[in-house]
Amino acid sequence: MTDTNVFWLPDPCPPWCIGVHSATDDLDIRRHDSDQLCNVLLTAMVNHRSDKALFASVYLVQGYREISPLVHFEASHDLKFVFTLDEAERIGTTLLEAVRQGTGTDHAPAH
Ligand SMILES: [Zn+2]
């Protein structure tokens with residue numbers, strides 16, 4: 001639970017934040033963090049660094065002075081992308097479109 005006297009937090013946490021905040025938090029941890037939003041086994045990728053399987057995970061991070069979160073996309077801590085919400089939406093939409101085309105479910109409705 002977050003201390004109600006956290007001076008660096010002028011507003012309540014966003015609904016997705018699972019962080020526990022304190023007035024003594026260092027600058028680099030003054031942020032809101034989401035839980036892991038997915039953890040997908042990447043069966044088509046080979047981990048060249050170890051025998052361990054690769055997983056993709058997504059989560060949100062918002063610095064205490066930022067007006068919106070960034071989307072973090074990580075593959076087993078080896079590969080990491082950070083997107084703005086707009087960038088993540090564009091990539092997500094494109095990925096969905098690629099899935100629809102790949103599965104053959106991208107047929108435009110008949111007019
Ligand atoms: Zn928070």
# chains A, B, ... in the order shown; residues from 1 in each chain; ligands from 1

$ residues_near_ligand --ligand "ligand 1" --cutoff "12 Å" --atoms "only C-alpha atoms and all ligand atoms" --output "PyMOL selection string"
chain A and resi 1-4+6+8-22+25+29-35+60-65+69

$ select_by_dssp --residues "chain A" --states "strand (DSSP E)" --output "ChimeraX atom specification"
/A:31-33,38-41,55-63,70-75,79-83

$ closest_residue --among "A:Gln36, A:Leu70, A:Asp26, A:Ala56" --to "A:Glu89" --atoms "only C-alpha atoms"
A:Leu70

$ residues_around --residues "A:Leu79" --least-positions-apart "6" --cutoff "12 Å" --atoms "only C-alpha atoms" --output "list in words"
Asn47, Arg49, Leu54, Phe55, Ala56, Ser57, Val58, His72 and Phe73 of chain A

$ write_last_selection --atoms "C-alpha atoms" --output "PDB file, in the first residue's frame"
ATOM      1  CA  ASN A  47      17.711 -18.221 -27.766  1.00  0.00           C
ATOM      2  CA  ARG A  49      22.593 -17.006 -25.492  1.00  0.00           C
ATOM      3  CA  LEU A  54      12.283 -17.044 -24.784  1.00  0.00           C
ATOM      4  CA  PHE A  55       9.187 -15.302 -23.503  1.00  0.00           C
ATOM      5  CA  ALA A  56       7.687 -12.009 -24.590  1.00  0.00           C
ATOM      6  CA  SER A  57       6.200  -9.805 -21.942  1.00  0.00           C
ATOM      7  CA  VAL A  58       4.430  -6.482 -21.997  1.00  0.00           C
ATOM      8  CA  HIS A  72       7.506  -1.922 -22.578  1.00  0.00           C
ATOM      9  CA  PHE A  73       7.874  -4.999 -24.753  1.00  0.00           C
TER      10      PHE A  73
END

$ residues_around --residues "A:Ile91" --least-positions-apart "6" --cutoff "12 Å" --atoms "only C-alpha atoms" --output "PyMOL selection string"
chain A and resi 71+73+81-85+97-98

$ write_last_selection --atoms "N, CA and C atoms" --output "PDB file, in the first residue's frame"
ATOM      1  N   VAL A  71       4.791   1.797 -23.188  1.00  0.00           N
ATOM      2  CA  VAL A  71       4.576   0.354 -23.283  1.00  0.00           C
ATOM      3  C   VAL A  71       5.938  -0.309 -23.435  1.00  0.00           C
ATOM      4  N   PHE A  73       7.971  -3.669 -24.146  1.00  0.00           N
ATOM      5  CA  PHE A  73       7.874  -4.999 -24.753  1.00  0.00           C
ATOM      6  C   PHE A  73       9.236  -5.641 -24.608  1.00  0.00           C
ATOM      7  N   PHE A  81      11.917  -3.276 -26.241  1.00  0.00           N
ATOM      8  CA  PHE A  81      11.432  -2.118 -26.973  1.00  0.00           C
ATOM      9  C   PHE A  81      10.558  -1.305 -26.033  1.00  0.00           C
ATOM     10  N   VAL A  82      10.637   0.002 -26.179  1.00  0.00           N
ATOM     11  CA  VAL A  82       9.768   0.892 -25.411  1.00  0.00           C
ATOM     12  C   VAL A  82       9.027   1.760 -26.414  1.00  0.00           C
ATOM     13  N   PHE A  83       7.680   1.728 -26.338  1.00  0.00           N
ATOM     14  CA  PHE A  83       6.841   2.454 -27.281  1.00  0.00           C
ATOM     15  C   PHE A  83       5.987   3.488 -26.564  1.00  0.00           C
ATOM     16  N   THR A  84       5.708   4.589 -27.261  1.00  0.00           N
ATOM     17  CA  THR A  84       4.646   5.478 -26.783  1.00  0.00           C
ATOM     18  C   THR A  84       3.325   4.746 -27.012  1.00  0.00           C
ATOM     19  N   LEU A  85       2.255   5.270 -26.428  1.00  0.00           N
ATOM     20  CA  LEU A  85       0.952   4.629 -26.616  1.00  0.00           C
ATOM     21  C   LEU A  85       0.563   4.611 -28.089  1.00  0.00           C
ATOM     22  N   GLU A  97      -3.641  -7.086 -37.959  1.00  0.00           N
ATOM     23  CA  GLU A  97      -3.903  -7.170 -39.393  1.00  0.00           C
ATOM     24  C   GLU A  97      -3.085  -8.308 -40.014  1.00  0.00           C
ATOM     25  N   ALA A  98      -1.837  -8.463 -39.613  1.00  0.00           N
ATOM     26  CA  ALA A  98      -0.998  -9.545 -40.129  1.00  0.00           C
ATOM     27  C   ALA A  98      -1.575 -10.902 -39.734  1.00  0.00           C
TER      28      ALA A  98
END

$ atom_distance --atom1 "atom CA of A:Ile67" --atom2 "atom CA of A:Lys80"
21.9 Å

$ select_by_dssp --residues "stretch 25-110 of chain A" --states "alpha helix (DSSP H)" --output "PyMOL selection string"
chain A and resi 85-103

$ closest_residue --among "A:Lys52, A:Thr105, A:Thr94, A:Asp86" --to "A:Ser68" --atoms "only C-alpha atoms"
A:Asp86

$ atom_distance --atom1 "atom CA of A:Leu42" --atom2 "atom CA of A:Glu74"
11.4 Å
